[in-house]
$ cat coords-v2.txt   # compact mmCIF, N, CA and C atoms
# COMPACT_ATOMS: atom_id res chain seq x y z
N GLN A 138 192.63 29.22 117.88
CA GLN A 138 191.98 28.00 118.39
C GLN A 138 192.97 26.87 118.44
N VAL A 139 192.88 26.05 119.46
CA VAL A 139 193.79 24.93 119.64
C VAL A 139 193.07 23.64 119.31
N GLN A 140 193.80 22.71 118.72
CA GLN A 140 193.30 21.37 118.48
C GLN A 140 194.02 20.41 119.41
N LEU A 141 193.27 19.48 119.98
CA LEU A 141 193.80 18.55 120.98
C LEU A 141 193.61 17.12 120.51
N VAL A 142 194.65 16.32 120.66
CA VAL A 142 194.58 14.91 120.28
C VAL A 142 195.15 14.07 121.41
N GLU A 143 194.32 13.19 121.96
CA GLU A 143 194.75 12.29 123.02
C GLU A 143 195.31 11.01 122.40
N SER A 144 196.23 10.40 123.13
CA SER A 144 196.78 9.11 122.72
C SER A 144 197.27 8.38 123.96
N GLY A 145 197.58 7.10 123.78
CA GLY A 145 198.15 6.33 124.87
C GLY A 145 197.17 5.40 125.55
N GLY A 146 195.91 5.45 125.15
CA GLY A 146 194.95 4.54 125.74
C GLY A 146 195.16 3.12 125.27
N GLY A 147 194.44 2.21 125.91
CA GLY A 147 194.56 0.80 125.53
C GLY A 147 194.00 -0.09 126.59
N LEU A 148 194.36 -1.36 126.50
CA LEU A 148 193.91 -2.38 127.45
C LEU A 148 195.05 -2.68 128.42
N VAL A 149 194.73 -2.66 129.69
CA VAL A 149 195.73 -2.93 130.72
C VAL A 149 195.09 -3.75 131.82
N GLN A 150 195.88 -4.58 132.48
CA GLN A 150 195.38 -5.37 133.59
C GLN A 150 195.28 -4.52 134.85
N ALA A 151 194.39 -4.90 135.72
CA ALA A 151 194.25 -4.21 137.00
C ALA A 151 195.60 -4.21 137.73
N GLY A 152 195.91 -3.06 138.31
CA GLY A 152 197.20 -2.89 138.97
C GLY A 152 198.28 -2.30 138.08
N GLY A 153 198.00 -2.25 136.80
CA GLY A 153 198.97 -1.73 135.85
C GLY A 153 198.92 -0.22 135.74
N SER A 154 199.74 0.28 134.82
CA SER A 154 199.85 1.73 134.62
C SER A 154 199.71 2.08 133.15
N LEU A 155 199.28 3.29 132.90
CA LEU A 155 199.24 3.85 131.56
C LEU A 155 199.57 5.33 131.66
N ARG A 156 200.17 5.84 130.60
CA ARG A 156 200.36 7.29 130.51
C ARG A 156 199.67 7.78 129.24
N LEU A 157 198.73 8.65 129.45
CA LEU A 157 198.05 9.28 128.33
C LEU A 157 198.74 10.59 127.97
N SER A 158 198.69 10.90 126.69
CA SER A 158 199.24 12.17 126.21
C SER A 158 198.13 12.96 125.53
N CYS A 159 198.27 14.26 125.60
CA CYS A 159 197.35 15.17 124.91
C CYS A 159 198.22 16.17 124.17
N ALA A 160 198.26 16.04 122.86
CA ALA A 160 199.10 16.91 122.04
C ALA A 160 198.26 18.05 121.48
N ALA A 161 198.81 19.24 121.55
CA ALA A 161 198.11 20.42 121.06
C ALA A 161 198.73 20.93 119.78
N SER A 162 197.89 21.46 118.93
CA SER A 162 198.37 22.12 117.71
C SER A 162 197.49 23.34 117.45
N GLY A 163 198.01 24.23 116.67
CA GLY A 163 197.24 25.42 116.33
C GLY A 163 197.61 26.62 117.18
N ARG A 164 197.85 26.37 118.45
CA ARG A 164 198.30 27.42 119.35
C ARG A 164 199.19 26.78 120.41
N THR A 165 200.01 27.60 121.05
CA THR A 165 200.90 27.05 122.06
C THR A 165 200.12 26.64 123.30
N LEU A 166 200.48 25.49 123.82
CA LEU A 166 199.75 24.93 124.95
C LEU A 166 199.85 25.80 126.19
N SER A 167 200.94 26.56 126.32
CA SER A 167 201.12 27.38 127.50
C SER A 167 200.07 28.48 127.63
N SER A 168 199.27 28.67 126.61
CA SER A 168 198.19 29.66 126.66
C SER A 168 196.98 29.15 127.42
N TYR A 169 197.00 27.87 127.79
CA TYR A 169 195.81 27.25 128.36
C TYR A 169 196.11 26.50 129.64
N ALA A 170 195.20 26.63 130.59
CA ALA A 170 195.13 25.64 131.65
C ALA A 170 194.47 24.40 131.04
N MET A 171 194.84 23.25 131.55
CA MET A 171 194.37 22.01 130.93
C MET A 171 193.68 21.11 131.95
N GLY A 172 192.70 20.39 131.47
CA GLY A 172 192.01 19.45 132.32
C GLY A 172 191.92 18.08 131.67
N TRP A 173 191.80 17.08 132.50
CA TRP A 173 191.51 15.72 132.04
C TRP A 173 190.16 15.31 132.62
N PHE A 174 189.36 14.66 131.79
CA PHE A 174 188.05 14.18 132.18
C PHE A 174 187.90 12.75 131.68
N ARG A 175 186.91 12.06 132.20
CA ARG A 175 186.65 10.71 131.72
C ARG A 175 185.16 10.42 131.76
N GLN A 176 184.76 9.50 130.88
CA GLN A 176 183.37 9.07 130.83
C GLN A 176 183.31 7.56 130.72
N ALA A 177 182.78 6.95 131.75
CA ALA A 177 182.61 5.51 131.77
C ALA A 177 181.29 5.15 131.10
N PRO A 178 181.17 3.90 130.62
CA PRO A 178 179.93 3.49 129.96
C PRO A 178 178.72 3.69 130.86
N GLY A 179 177.71 4.36 130.32
CA GLY A 179 176.48 4.57 131.06
C GLY A 179 176.54 5.62 132.14
N LYS A 180 177.66 6.34 132.21
CA LYS A 180 177.82 7.36 133.26
C LYS A 180 178.10 8.71 132.64
N GLU A 181 177.92 9.74 133.43
CA GLU A 181 178.23 11.08 132.98
C GLU A 181 179.75 11.30 133.01
N ARG A 182 180.17 12.23 132.18
CA ARG A 182 181.59 12.58 132.16
C ARG A 182 181.94 13.26 133.49
N GLU A 183 183.12 12.92 134.01
CA GLU A 183 183.54 13.46 135.30
C GLU A 183 184.98 13.97 135.19
N VAL A 184 185.33 14.84 136.13
CA VAL A 184 186.67 15.40 136.12
C VAL A 184 187.68 14.39 136.69
N VAL A 185 188.85 14.37 136.09
CA VAL A 185 189.98 13.62 136.63
C VAL A 185 190.87 14.60 137.39
N GLY A 186 191.22 15.69 136.72
CA GLY A 186 192.05 16.71 137.36
C GLY A 186 192.40 17.80 136.38
N ALA A 187 193.19 18.76 136.84
CA ALA A 187 193.55 19.90 136.01
C ALA A 187 194.94 20.40 136.39
N ILE A 188 195.54 21.15 135.46
CA ILE A 188 196.88 21.68 135.68
C ILE A 188 196.93 23.10 135.16
N SER A 189 197.66 23.95 135.87
CA SER A 189 197.77 25.35 135.47
C SER A 189 198.68 25.50 134.26
N ARG A 190 198.71 26.71 133.72
CA ARG A 190 199.52 26.96 132.54
C ARG A 190 201.00 26.65 132.75
N SER A 191 201.49 27.00 133.90
CA SER A 191 202.91 26.77 134.19
C SER A 191 203.20 25.34 134.60
N GLY A 192 202.18 24.65 135.06
CA GLY A 192 202.36 23.30 135.58
C GLY A 192 202.62 23.27 137.07
N ARG A 193 202.72 24.44 137.69
CA ARG A 193 203.03 24.48 139.12
C ARG A 193 201.85 24.06 139.99
N ASN A 194 200.65 24.25 139.47
CA ASN A 194 199.46 23.94 140.27
C ASN A 194 198.63 22.86 139.61
N THR A 195 198.24 21.89 140.41
CA THR A 195 197.37 20.83 139.94
C THR A 195 196.26 20.60 140.96
N ASP A 196 195.22 19.97 140.49
CA ASP A 196 194.10 19.60 141.35
C ASP A 196 193.52 18.31 140.80
N TYR A 197 193.04 17.46 141.70
CA TYR A 197 192.54 16.15 141.30
C TYR A 197 191.21 15.85 141.98
N ALA A 198 190.44 15.00 141.33
CA ALA A 198 189.28 14.45 141.99
C ALA A 198 189.75 13.69 143.23
N ASP A 199 189.03 13.87 144.32
CA ASP A 199 189.47 13.28 145.59
C ASP A 199 189.71 11.77 145.48
N SER A 200 188.86 11.10 144.73
CA SER A 200 188.94 9.65 144.64
C SER A 200 190.17 9.17 143.86
N LEU A 201 190.82 10.08 143.13
CA LEU A 201 191.95 9.70 142.30
C LEU A 201 193.30 10.18 142.83
N LYS A 202 193.27 10.99 143.86
CA LYS A 202 194.51 11.50 144.42
C LYS A 202 195.41 10.35 144.86
N GLY A 203 196.67 10.46 144.51
CA GLY A 203 197.63 9.44 144.87
C GLY A 203 197.85 8.39 143.80
N ARG A 204 196.90 8.23 142.89
CA ARG A 204 197.07 7.27 141.80
C ARG A 204 197.31 7.93 140.45
N PHE A 205 196.71 9.09 140.25
CA PHE A 205 196.80 9.79 138.96
C PHE A 205 197.62 11.06 139.13
N THR A 206 198.44 11.35 138.12
CA THR A 206 199.27 12.55 138.13
C THR A 206 199.21 13.24 136.78
N ILE A 207 198.95 14.53 136.81
CA ILE A 207 198.93 15.33 135.58
C ILE A 207 200.21 16.16 135.52
N SER A 208 200.81 16.19 134.36
CA SER A 208 201.99 17.01 134.14
C SER A 208 201.92 17.59 132.73
N ARG A 209 202.82 18.50 132.45
CA ARG A 209 202.82 19.09 131.12
C ARG A 209 204.23 19.47 130.72
N ASP A 210 204.46 19.45 129.42
CA ASP A 210 205.71 19.89 128.84
C ASP A 210 205.34 20.92 127.78
N ASN A 211 205.39 22.17 128.16
CA ASN A 211 204.95 23.21 127.22
C ASN A 211 205.86 23.31 125.99
N ALA A 212 207.11 22.95 126.16
CA ALA A 212 208.01 22.97 125.01
C ALA A 212 207.60 21.95 123.96
N LYS A 213 206.97 20.86 124.42
CA LYS A 213 206.50 19.82 123.50
C LYS A 213 205.01 19.97 123.20
N ASN A 214 204.40 21.02 123.77
CA ASN A 214 202.97 21.25 123.54
C ASN A 214 202.13 20.03 123.92
N THR A 215 202.48 19.40 125.03
CA THR A 215 201.84 18.15 125.43
C THR A 215 201.54 18.15 126.92
N VAL A 216 200.38 17.60 127.24
CA VAL A 216 199.99 17.36 128.62
C VAL A 216 199.87 15.86 128.82
N TYR A 217 200.20 15.40 130.02
CA TYR A 217 200.22 13.97 130.30
C TYR A 217 199.29 13.65 131.47
N LEU A 218 198.80 12.43 131.44
CA LEU A 218 198.07 11.87 132.57
C LEU A 218 198.68 10.51 132.88
N GLN A 219 199.39 10.44 133.98
CA GLN A 219 199.98 9.19 134.44
C GLN A 219 198.99 8.51 135.37
N MET A 220 198.64 7.28 135.03
CA MET A 220 197.65 6.54 135.82
C MET A 220 198.31 5.27 136.34
N ASN A 221 198.34 5.14 137.65
CA ASN A 221 198.95 3.98 138.30
C ASN A 221 197.91 3.20 139.08
N SER A 222 198.26 1.97 139.41
CA SER A 222 197.37 1.11 140.20
C SER A 222 195.96 1.12 139.63
N LEU A 223 195.87 0.90 138.36
CA LEU A 223 194.58 1.00 137.69
C LEU A 223 193.61 -0.07 138.16
N LYS A 224 192.35 0.32 138.17
CA LYS A 224 191.27 -0.55 138.61
C LYS A 224 190.25 -0.70 137.48
N PRO A 225 189.48 -1.78 137.48
CA PRO A 225 188.46 -1.92 136.43
C PRO A 225 187.52 -0.72 136.36
N GLU A 226 187.26 -0.09 137.48
CA GLU A 226 186.36 1.08 137.47
C GLU A 226 186.98 2.32 136.84
N ASP A 227 188.25 2.25 136.49
CA ASP A 227 188.88 3.34 135.76
C ASP A 227 188.61 3.23 134.25
N THR A 228 187.98 2.16 133.84
CA THR A 228 187.64 1.99 132.44
C THR A 228 186.73 3.12 131.98
N ALA A 229 187.16 3.82 130.93
CA ALA A 229 186.42 4.99 130.46
C ALA A 229 187.10 5.53 129.20
N VAL A 230 186.41 6.44 128.56
CA VAL A 230 187.05 7.27 127.54
C VAL A 230 187.60 8.50 128.25
N TYR A 231 188.87 8.78 128.01
CA TYR A 231 189.55 9.89 128.68
C TYR A 231 189.73 11.03 127.69
N TYR A 232 189.38 12.23 128.16
CA TYR A 232 189.44 13.43 127.33
C TYR A 232 190.36 14.47 127.97
N CYS A 233 191.08 15.19 127.14
CA CYS A 233 191.74 16.39 127.63
C CYS A 233 190.98 17.60 127.11
N ALA A 234 191.12 18.70 127.82
CA ALA A 234 190.39 19.91 127.47
C ALA A 234 191.23 21.13 127.85
N ALA A 235 191.00 22.22 127.14
CA ALA A 235 191.77 23.45 127.33
C ALA A 235 190.86 24.59 127.78
N ASP A 236 191.34 25.32 128.79
CA ASP A 236 190.62 26.47 129.35
C ASP A 236 191.40 27.73 128.98
N LYS A 237 190.80 28.58 128.18
CA LYS A 237 191.51 29.76 127.69
C LYS A 237 191.46 30.95 128.64
N TRP A 238 190.64 30.89 129.66
CA TRP A 238 190.46 32.03 130.54
C TRP A 238 191.44 31.97 131.71
N TYR A 239 191.88 33.14 132.13
CA TYR A 239 192.76 33.23 133.29
C TYR A 239 191.89 33.24 134.55
N ARG A 240 192.20 32.34 135.47
CA ARG A 240 191.43 32.20 136.71
C ARG A 240 192.41 32.16 137.88
N SER A 241 191.86 32.35 139.06
CA SER A 241 192.70 32.33 140.25
C SER A 241 193.16 30.92 140.58
N ALA A 242 192.43 29.93 140.09
CA ALA A 242 192.79 28.53 140.32
C ALA A 242 192.29 27.71 139.15
N VAL A 243 192.86 26.53 138.97
CA VAL A 243 192.38 25.65 137.91
C VAL A 243 190.95 25.23 138.25
N THR A 244 190.20 24.98 137.22
CA THR A 244 188.80 24.64 137.39
C THR A 244 188.52 23.18 137.06
N SER A 245 187.57 22.61 137.77
CA SER A 245 187.14 21.24 137.51
C SER A 245 185.80 21.20 136.78
N LEU A 246 185.28 22.36 136.43
CA LEU A 246 183.97 22.43 135.78
C LEU A 246 184.10 22.26 134.28
N GLN A 247 183.43 21.26 133.75
CA GLN A 247 183.51 20.98 132.32
C GLN A 247 183.06 22.17 131.49
N SER A 248 182.07 22.89 131.98
CA SER A 248 181.51 24.00 131.22
C SER A 248 182.50 25.14 131.02
N GLU A 249 183.56 25.14 131.80
CA GLU A 249 184.53 26.23 131.72
C GLU A 249 185.70 25.89 130.80
N TYR A 250 185.66 24.74 130.17
CA TYR A 250 186.68 24.37 129.20
C TYR A 250 186.16 24.63 127.80
N ASP A 251 187.04 25.19 126.99
CA ASP A 251 186.62 25.70 125.70
C ASP A 251 186.89 24.74 124.55
N TYR A 252 187.93 23.95 124.66
CA TYR A 252 188.33 23.06 123.56
C TYR A 252 188.55 21.66 124.11
N TRP A 253 188.13 20.67 123.32
CA TRP A 253 188.18 19.28 123.75
C TRP A 253 188.81 18.40 122.68
N GLY A 254 189.51 17.37 123.15
CA GLY A 254 189.97 16.34 122.24
C GLY A 254 188.87 15.32 121.97
N GLN A 255 189.19 14.34 121.16
CA GLN A 255 188.20 13.35 120.75
C GLN A 255 188.12 12.18 121.73
N GLY A 256 189.09 12.09 122.61
CA GLY A 256 189.07 11.04 123.62
C GLY A 256 189.90 9.83 123.23
N THR A 257 190.33 9.10 124.24
CA THR A 257 191.06 7.85 124.04
C THR A 257 190.52 6.83 125.03
N GLN A 258 190.32 5.62 124.56
CA GLN A 258 189.71 4.57 125.38
C GLN A 258 190.75 3.91 126.28
N VAL A 259 190.40 3.79 127.54
CA VAL A 259 191.20 3.04 128.51
C VAL A 259 190.32 1.93 129.06
N THR A 260 190.80 0.71 128.94
CA THR A 260 190.07 -0.45 129.45
C THR A 260 190.96 -1.19 130.42
N VAL A 261 190.46 -1.38 131.63
CA VAL A 261 191.21 -2.08 132.67
C VAL A 261 190.52 -3.41 132.95
N SER A 262 191.22 -4.49 132.72
CA SER A 262 190.66 -5.82 132.93
C SER A 262 190.97 -6.31 134.33
N SER A 263 190.06 -7.10 134.86
CA SER A 263 190.23 -7.61 136.23
C SER A 263 190.97 -8.93 136.23
$ encode --input "coords-v2.txt" --output "structure tokens"
Amino acid sequence: QVQLVESGGGLVQAGGSLRLSCAASGRTLSSYAMGWFRQAPGKEREVVGAISRSGRNTDYADSLKGRFTISRDNAKNTVYLQMNSLKPEDTAVYYCAADKWYRSAVTSLQSEYDYWGQGTQVTVSS
């Protein structure tokens, strides 16, 4: 079983950038495809994007393409979420999650992720 810990959240002004990290322990991160999700106040949790085990394949929510980038460094057991041109509507708790199953493509379905971090708060001020 893998344990996930997110970090890097905080308060940023609109138009700014943040990079979130998701550090894994317990098992090597390369065993998992990884996803990022977020939950804004009063809203359901939604997908941000996902990355394959190798890092060669990524997928993003359509509304976030071009602003958010997911990458990973398996040697450091860490996945990253680079967020640029942040908007107040990006304010949310951001979660990383691990998918232990081998699939033909990365998945955006929360139900298909097996392990979750505790989340990190991102607040974007206008």
$ atom_distance --input "coords-v2.txt" --atom1 "CA of Ala187 (chain A)" --atom2 "CA of Asn214 (chain A)"
15.7 Å
$ closest_residue --input "coords-v2.txt" --among "A:Ser191, A:Ala170, A:Ser245, A:Gly254" --to "Ala212 (chain A)" --atoms "only C-alpha atoms"
A:Ser191
$ atom_distance --input "coords-v2.txt" --atom1 "CA of Ala160 (chain A)" --atom2 "CA of Glu226 (chain A)"
25.5 Å
$ select_by_dssp --input "coords-v2.txt" --residues "chain A" --states "helix (DSSP H, G or I)" --output "list in words"
Leu166, Ser167, Ser168, Asp199, Ser200, Leu201, Asn211, Ala212, Lys213, Pro225, Glu226, Asp227, Gln247, Ser248 and Glu249 of chain A
$ residues_around --input "coords-v2.txt" --residues "Tyr217 (chain A)" --least-positions-apart "5" --cutoff "5 Å" --atoms "all atoms listed in the file" --output "PyMOL selection string"
chain A and resi 157-159+207-209
$ atom_distance --input "coords-v2.txt" --atom1 "CA of Gly192 (chain A)" --atom2 "CA of Tyr231 (chain A)"
19.8 Å
$ residues_around --input "coords-v2.txt" --residues "Val261 (chain A)" --least-positions-apart "4" --cutoff "8 Å" --atoms "all atoms listed in the file" --output "VMD selection string"
chain A and resid 147 to 153 223 to 229
$ closest_residue --input "coords-v2.txt" --among "A:Ser241, A:Gln247, A:Asn211, A:Ser263" --to "Gly186 (chain A)" --atoms "only C-alpha atoms"
A:Gln247
$ closest_residue --input "coords-v2.txt" --among "A:Val230, A:Ala161, A:Met171, A:Leu246" --to "Thr260 (chain A)" --atoms "only N, CA and C atoms"
A:Val230
$ select_by_dssp --input "coords-v2.txt" --residues "region 149-258 of chain A" --states "strand (DSSP E)" --output "PyMOL selection string"
chain A and resi 149-150+155-162+170-176+183-188+195-197+205-210+215-220+229-236+252-253+257-258
$ closest_residue --input "coords-v2.txt" --among "A:Ser189, A:Tyr232, A:Gln138, A:Gly179" --to "Asp210 (chain A)" --atoms "only C-alpha atoms"
A:Ser189
$ residues_near_point --input "coords-v2.txt" --point "(197.5, 2.8, 135.7)" --cutoff "5 Å" --atoms "all atoms listed in the file" --output "tab-separated table (two decimals) with N, CA and C atoms, in the frame of the given file"
chain	number	residue	atom	x	y	z
A	153	GLY	N	198.00	-2.25	136.80
A	153	GLY	CA	198.97	-1.73	135.85
A	153	GLY	C	198.92	-0.22	135.74
A	154	SER	N	199.74	0.28	134.82
A	154	SER	CA	199.85	1.73	134.62
A	154	SER	C	199.71	2.08	133.15
A	155	LEU	N	199.28	3.29	132.90
A	155	LEU	CA	199.24	3.85	131.56
A	155	LEU	C	199.57	5.33	131.66
A	220	MET	N	198.64	7.28	135.03
A	220	MET	CA	197.65	6.54	135.82
A	220	MET	C	198.31	5.27	136.34
A	221	ASN	N	198.34	5.14	137.65
A	221	ASN	CA	198.95	3.98	138.30
A	221	ASN	C	197.91	3.20	139.08
A	222	SER	N	198.26	1.97	139.41
A	222	SER	CA	197.37	1.11	140.20
A	222	SER	C	195.96	1.12	139.63
A	223	LEU	N	195.87	0.90	138.36
A	223	LEU	CA	194.58	1.00	137.69
A	223	LEU	C	193.61	-0.07	138.16
$ decode --input "coords-v2.txt" --residues "region 180-201 of chain A" --atoms "N, CA and C atoms" --output "short mmCIF file (atom, residue, chain, number, x, y, z; two decimals), in the first residue's frame"
data_model
loop_
_atom_site.label_atom_id
_atom_site.label_comp_id
_atom_site.auth_asym_id
_atom_site.auth_seq_id
_atom_site.Cartn_x
_atom_site.Cartn_y
_atom_site.Cartn_z
N LYS A 180 -18.90 22.25 -3.66
CA LYS A 180 -18.97 21.53 -4.94
C LYS A 180 -18.44 20.11 -4.78
N GLU A 181 -18.77 19.29 -5.74
CA GLU A 181 -18.26 17.93 -5.75
C GLU A 181 -16.80 17.92 -6.21
N ARG A 182 -16.11 16.88 -5.79
CA ARG A 182 -14.73 16.73 -6.22
C ARG A 182 -14.71 16.43 -7.72
N GLU A 183 -13.75 17.03 -8.42
CA GLU A 183 -13.66 16.86 -9.87
C GLU A 183 -12.23 16.53 -10.26
N VAL A 184 -12.10 15.96 -11.45
CA VAL A 184 -10.77 15.59 -11.93
C VAL A 184 -10.03 16.82 -12.44
N VAL A 185 -8.74 16.85 -12.18
CA VAL A 185 -7.85 17.85 -12.78
C VAL A 185 -7.14 17.20 -13.96
N GLY A 186 -6.56 16.03 -13.71
CA GLY A 186 -5.88 15.31 -14.77
C GLY A 186 -5.20 14.07 -14.23
N ALA A 187 -4.51 13.36 -15.11
CA ALA A 187 -3.87 12.12 -14.72
C ALA A 187 -2.61 11.90 -15.56
N ILE A 188 -1.73 11.04 -15.04
CA ILE A 188 -0.47 10.75 -15.72
C ILE A 188 -0.19 9.27 -15.61
N SER A 189 0.37 8.72 -16.68
CA SER A 189 0.67 7.28 -16.70
C SER A 189 1.88 6.98 -15.83
N ARG A 190 2.13 5.68 -15.65
CA ARG A 190 3.26 5.27 -14.82
C ARG A 190 4.59 5.81 -15.31
N SER A 191 4.77 5.81 -16.59
CA SER A 191 6.04 6.28 -17.16
C SER A 191 6.12 7.79 -17.25
N GLY A 192 4.97 8.44 -17.24
CA GLY A 192 4.91 9.88 -17.43
C GLY A 192 4.75 10.29 -18.87
N ARG A 193 4.74 9.31 -19.78
CA ARG A 193 4.65 9.65 -21.20
C ARG A 193 3.25 10.11 -21.60
N ASN A 194 2.25 9.65 -20.87
CA ASN A 194 0.87 9.98 -21.23
C ASN A 194 0.19 10.76 -20.13
N THR A 195 -0.47 11.83 -20.53
CA THR A 195 -1.23 12.64 -19.60
C THR A 195 -2.60 12.94 -20.20
N ASP A 196 -3.50 13.31 -19.34
CA ASP A 196 -4.83 13.72 -19.76
C ASP A 196 -5.32 14.76 -18.77
N TYR A 197 -6.08 15.73 -19.26
CA TYR A 197 -6.54 16.83 -18.43
C TYR A 197 -8.02 17.10 -18.65
N ALA A 198 -8.62 17.67 -17.63
CA ALA A 198 -9.96 18.21 -17.81
C ALA A 198 -9.89 19.29 -18.89
N ASP A 199 -10.88 19.28 -19.77
CA ASP A 199 -10.84 20.20 -20.91
C ASP A 199 -10.67 21.66 -20.47
N SER A 200 -11.32 22.02 -19.39
CA SER A 200 -11.31 23.41 -18.95
C SER A 200 -9.94 23.85 -18.41
N LEU A 201 -9.06 22.88 -18.13
CA LEU A 201 -7.77 23.20 -17.54
C LEU A 201 -6.60 23.04 -18.50
#
